[in-house]
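Below: the structure, in structure tokens.
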Amino acid sequence: MDKYDLAPVGGPCCGHPTEIWFPPSRRGHISAEERKQRVANEQFAKDTCLSCDQRMHCLEYSLRHEPFGTWGGYTEIERAHMRVNRGINLTREGKLTIPGGSMNAATGTVTLKRPQRSAE
Ligand code: SF4
């Protein structure tokens, strides 16, 4: 066990609604208004993380243990790429929803949905 196996405590994210750091599923089809709100929430989370003195610890912890949400100023998709580039093993499974399919948060492997065939 090293220091990055323990989650940071406190931080300026405390007290804000959870959905700002953990947005609802990235469904392929959401309304323009929902998309706008999600982008705004994500930017708010990133901006707040920038001012956090635990940012690096938070990022390192999440790369090892947290597939979902924004941590250390990086979204779950950004951290999945970072995890793969740095060869960091994720201790939990996480299937991230992306437009058109899903991404394995540990391996970065993208799986695209098969197009639905219409019954004729
Ligand atoms: S870096 Fe962001 S998510 Fe992590 S403790 Fe700080 S404000 Fe919260």
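Order determines the names: the first chain of the structure tokens is A, the second B, and so forth; residues in each chain are numbered 1 upward, and ligands are numbered 1 upward as they are shown.
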Original post:
Got a sec to tell me which of chain A DSSP assigns to helix (DSSP H, G or I), as a PyMOL selection string?
Top reply: chain A and resi 3-5+18-21+32-50+55-65+76-86
File dump, residues just selected, C-alpha atoms, as a short mmCIF file (atom, residue, chain, number, x, y, z; two decimals), in the first residue's frame:
data_model
loop_
_atom_site.label_atom_id
_atom_site.label_comp_id
_atom_site.auth_asym_id
_atom_site.auth_seq_id
_atom_site.Cartn_x
_atom_site.Cartn_y
_atom_site.Cartn_z
CA LYS A 3 0.07 6.94 -0.22
CA TYR A 4 -1.96 6.92 -3.44
CA ASP A 5 -4.06 4.01 -2.20
CA THR A 18 -22.36 14.85 -6.64
CA GLU A 19 -23.60 14.91 -10.25
CA ILE A 20 -21.19 17.73 -11.07
CA TRP A 21 -18.22 15.39 -10.51
CA ALA A 32 -29.00 19.66 -26.55
CA GLU A 33 -29.96 21.17 -23.19
CA GLU A 34 -28.70 18.11 -21.27
CA ARG A 35 -25.47 18.19 -23.25
CA LYS A 36 -24.99 21.88 -22.51
CA GLN A 37 -25.56 21.29 -18.79
CA ARG A 38 -23.17 18.34 -18.73
CA VAL A 39 -20.44 20.37 -20.42
CA ALA A 40 -21.01 23.23 -17.96
CA ASN A 41 -20.86 20.84 -14.98
CA GLU A 42 -17.70 19.22 -16.27
CA GLN A 43 -16.03 22.59 -16.73
CA PHE A 44 -17.09 23.69 -13.24
CA ALA A 45 -15.56 20.51 -11.77
CA LYS A 46 -12.32 20.99 -13.71
CA ASP A 47 -12.05 24.65 -12.70
CA THR A 48 -12.70 23.78 -9.05
CA CYS A 49 -10.08 21.03 -9.12
CA LEU A 50 -7.52 23.50 -10.48
CA ARG A 55 -5.10 17.86 -6.95
CA MET A 56 -2.06 15.69 -7.69
CA HIS A 57 -2.84 13.24 -4.90
CA CYS A 58 -6.45 13.07 -6.10
CA LEU A 59 -5.36 12.36 -9.66
CA GLU A 60 -2.88 9.66 -8.67
CA TYR A 61 -5.42 7.99 -6.38
CA SER A 62 -8.10 8.01 -9.07
CA LEU A 63 -5.79 6.62 -11.74
CA ARG A 64 -5.32 3.56 -9.53
CA HIS A 65 -8.77 3.17 -8.02
CA GLU A 76 -13.05 9.69 -16.68
CA ILE A 77 -12.23 9.46 -20.39
CA GLU A 78 -9.10 11.60 -20.04
CA ARG A 79 -7.96 9.50 -17.09
CA ALA A 80 -8.57 6.24 -18.97
CA HIS A 81 -6.15 7.43 -21.68
CA MET A 82 -3.67 8.64 -19.06
CA ARG A 83 -3.87 5.29 -17.23
CA VAL A 84 -3.09 3.37 -20.38
CA ASN A 85 -0.27 5.73 -21.43
CA ARG A 86 1.37 5.42 -18.00
#
**OP:** DSSP on the backbone, then: every residue of chain A marked strand (DSSP E or B), written as a PyMOL selection string.
**Re:** chain A and resi 71+74+95-98+101-104+110-112
Selection file, C-alpha atoms, as a PDB file, in the first residue's frame:
ATOM      1  CA  TRP A  71     -10.820  13.624 -10.280  1.00  0.00           C
ATOM      2  CA  TYR A  74      -9.490  15.193 -15.428  1.00  0.00           C
ATOM      3  CA  LYS A  95     -17.122   0.410 -18.359  1.00  0.00           C
ATOM      4  CA  LEU A  96     -17.428   3.998 -19.567  1.00  0.00           C
ATOM      5  CA  THR A  97     -20.234   4.949 -21.905  1.00  0.00           C
ATOM      6  CA  ILE A  98     -19.070   6.919 -24.927  1.00  0.00           C
ATOM      7  CA  GLY A 101     -20.313   2.418 -27.635  1.00  0.00           C
ATOM      8  CA  SER A 102     -18.237   1.941 -24.515  1.00  0.00           C
ATOM      9  CA  MET A 103     -14.652   2.160 -23.281  1.00  0.00           C
ATOM     10  CA  ASN A 104     -12.919  -0.095 -20.772  1.00  0.00           C
ATOM     11  CA  VAL A 110     -13.343   0.836 -27.231  1.00  0.00           C
ATOM     12  CA  THR A 111     -16.320  -1.349 -28.115  1.00  0.00           C
ATOM     13  CA  LEU A 112     -18.742   0.075 -30.654  1.00  0.00           C
TER      14      LEU A 112
END
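Proximity to ligand 1 was assessed for A:Ala106, A:Leu6, A:Ile88, A:Ile30 counting only C-alpha atoms and all ligand atoms; the smallest distance is recorded for A:Leu6.
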Original post:
Pick from A:Gly15, A:Thr70, A:Pro115, A:Phe22: nearest to ligand 1, with only C-alpha atoms and all ligand atoms counted?
Top reply: A:Thr70
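Nearest residue to ligand 1 among A:Gln116, A:Pro23, A:Cys52, A:Pro17 is A:Cys52, counting only C-alpha atoms and all ligand atoms.
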